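Asker: Quick one: structure below, then a few questions.
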Amino acid sequence: MTIRIRPQPVPQLEIVLFDSAFDQSRNLARILGHELAHIAYRDLSAQDHDDLLAALYRFEFNDASGKKIYIRGRNKFVEEDGKLSPTEDIANDIEYFLFDPKRLKEVTPTAFDWIKMHFGANFKLERVIK
Ligand SMILES: [Zn+2]
């Protein structure tokens, strides 16, 4: 079984859930929270995007094409795959803000503070059934 979700108001964007998402051992809400976090991150304004990266990563510079490159200034991540890319790291941070804020606060307090400031202390997943 595969379920496709089209988050509004961007119906051309979809999240695809595979069978493993429905395993008893998995938390489906948390999986969705993580995938929606990727969308929330993608949809930040250019200014917010830069602010967030500057808050989480210590060094930035432009590569040969002028694209900004961010280098992490820390070794601790809520999930190991956060080391691979800021996109994954920030989706993990938002997921932890929603599902395990205590751990996020311990590991990456700058991310906790930024997410709380940007999305508000009551930021959470809502159940919408139409
Ligand atoms: Zn991800």
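Each chain in the structure tokens gets a letter, A, B and so on, in the order shown; residues start at 1 in every chain, and ligands are counted from 1 in the order they appear.
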Tell me which protein, DNA and RNA residues are within 12 Å of segment 26-33 of chain A, counting only C-alpha atoms, leaving out same-chain ones fewer than 4 positions away, and put them as a ChimeraX atom specification.
Answerer: /A:3-7,14-22,37-41,91-100,123-127
Asker: DSSP says helix (DSSP H, G or I) for which residues of chain A? Put them as a ChimeraX atom specification?
Answerer: /A:19-22,28-42,46-56,80-83,86-99,101-107,109-119
Asker: Could those residues be written to a file, using C-alpha atoms, as an mmCIF file, in the first residue's frame?
Answerer:
```cif
data_model
loop_
_atom_site.group_PDB
_atom_site.id
_atom_site.type_symbol
_atom_site.label_atom_id
_atom_site.label_comp_id
_atom_site.auth_asym_id
_atom_site.auth_seq_id
_atom_site.Cartn_x
_atom_site.Cartn_y
_atom_site.Cartn_z
ATOM 1 C CA ASP A 19 4.586 0.148 3.562
ATOM 2 C CA SER A 20 7.298 0.435 6.202
ATOM 3 C CA ALA A 21 5.735 3.719 7.410
ATOM 4 C CA PHE A 22 2.831 1.645 8.701
ATOM 5 C CA LEU A 28 3.268 7.589 11.447
ATOM 6 C CA ALA A 29 2.536 11.065 12.819
ATOM 7 C CA ARG A 30 6.258 11.556 13.372
ATOM 8 C CA ILE A 31 7.096 10.360 9.864
ATOM 9 C CA LEU A 32 4.553 12.811 8.444
ATOM 10 C CA GLY A 33 5.873 15.550 10.709
ATOM 11 C CA HIS A 34 9.367 14.987 9.317
ATOM 12 C CA GLU A 35 8.213 15.039 5.694
ATOM 13 C CA LEU A 36 6.087 18.153 6.262
ATOM 14 C CA ALA A 37 9.105 19.751 7.940
ATOM 15 C CA HIS A 38 10.965 19.436 4.630
ATOM 16 C CA ILE A 39 8.126 21.407 3.023
ATOM 17 C CA ALA A 40 8.064 24.000 5.822
ATOM 18 C CA TYR A 41 11.810 24.483 5.392
ATOM 19 C CA ARG A 42 11.532 24.730 1.624
ATOM 20 C CA ALA A 46 14.912 33.656 1.446
ATOM 21 C CA GLN A 47 15.563 35.875 4.470
ATOM 22 C CA ASP A 48 14.248 33.296 6.967
ATOM 23 C CA HIS A 49 16.205 30.583 5.187
ATOM 24 C CA ASP A 50 19.432 32.561 5.587
ATOM 25 C CA ASP A 51 18.604 33.479 9.205
ATOM 26 C CA LEU A 52 18.014 29.841 10.123
ATOM 27 C CA LEU A 53 21.170 28.593 8.460
ATOM 28 C CA ALA A 54 23.185 31.365 10.068
ATOM 29 C CA ALA A 55 21.745 30.392 13.470
ATOM 30 C CA LEU A 56 22.615 26.719 13.061
ATOM 31 C CA GLU A 80 23.110 11.069 12.371
ATOM 32 C CA ASP A 81 21.810 11.828 8.863
ATOM 33 C CA GLY A 82 21.712 15.513 9.833
ATOM 34 C CA LYS A 83 25.448 15.539 9.174
ATOM 35 C CA PRO A 86 21.338 21.139 6.272
ATOM 36 C CA THR A 87 18.029 20.176 4.620
ATOM 37 C CA GLU A 88 17.931 16.840 6.427
ATOM 38 C CA ASP A 89 19.285 18.300 9.656
ATOM 39 C CA ILE A 90 16.646 21.034 9.779
ATOM 40 C CA ALA A 91 13.811 18.608 8.943
ATOM 41 C CA ASN A 92 15.079 16.478 11.846
ATOM 42 C CA ASP A 93 15.210 19.537 14.105
ATOM 43 C CA ILE A 94 11.607 20.476 13.275
ATOM 44 C CA GLU A 95 10.538 16.844 13.788
ATOM 45 C CA TYR A 96 12.181 16.855 17.233
ATOM 46 C CA PHE A 97 10.638 20.211 18.078
ATOM 47 C CA LEU A 98 7.245 18.585 17.471
ATOM 48 C CA PHE A 99 7.863 15.152 19.004
ATOM 49 C CA PRO A 101 11.511 19.016 22.184
ATOM 50 C CA LYS A 102 13.528 18.155 25.287
ATOM 51 C CA ARG A 103 16.101 16.285 23.193
ATOM 52 C CA LEU A 104 16.286 19.079 20.601
ATOM 53 C CA LYS A 105 16.825 21.629 23.355
ATOM 54 C CA GLU A 106 19.697 19.547 24.744
ATOM 55 C CA VAL A 107 21.387 18.767 21.441
ATOM 56 C CA PRO A 109 19.378 24.711 21.477
ATOM 57 C CA THR A 110 19.917 27.209 18.645
ATOM 58 C CA ALA A 111 17.520 25.194 16.454
ATOM 59 C CA PHE A 112 14.983 24.905 19.275
ATOM 60 C CA ASP A 113 15.075 28.664 19.842
ATOM 61 C CA TRP A 114 14.841 29.524 16.151
ATOM 62 C CA ILE A 115 11.914 27.182 15.458
ATOM 63 C CA LYS A 116 10.069 28.436 18.557
ATOM 64 C CA MET A 117 10.663 32.056 17.563
ATOM 65 C CA HIS A 118 9.686 31.531 13.915
ATOM 66 C CA PHE A 119 6.757 29.101 14.152
#
```
Asker: Could you pull out the strand (DSSP E or B) residues of chain A from DSSP and send them as a compact mmCIF listing (two decimals) with C-alpha atoms, in the first residue's frame?
Answerer:
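Generated output (part-v6.txt):
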```txt
# COMPACT_ATOMS: atom_id res chain seq x y z
CA ILE A 3 -0.53 6.58 0.33
CA ARG A 4 -0.03 9.89 -1.41
CA ILE A 5 -0.67 13.13 0.41
CA ILE A 15 4.52 12.99 0.19
CA VAL A 16 4.67 9.29 -0.60
CA LEU A 17 4.44 6.83 2.28
CA TYR A 57 25.84 26.71 11.09
CA ARG A 58 28.87 28.65 11.98
CA PHE A 59 30.59 29.24 8.68
CA GLU A 60 29.25 30.28 5.34
CA PHE A 61 30.91 31.18 2.08
CA ASN A 62 30.05 31.33 -1.60
CA LYS A 68 26.10 29.84 -0.37
CA ILE A 69 27.75 26.92 1.36
CA TYR A 70 27.23 26.38 5.08
CA ILE A 71 29.63 24.46 7.28
CA ARG A 72 28.37 23.08 10.52
```
Asker: Using only C-alpha atoms and all ligand atoms, which of the listed residues (A:Leu44, A:Leu84, A:Ala64, A:Ala121) sits closest to ligand 1?
Answerer: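 Ranked by minimum distance to ligand 1, first place goes to A:Leu84.
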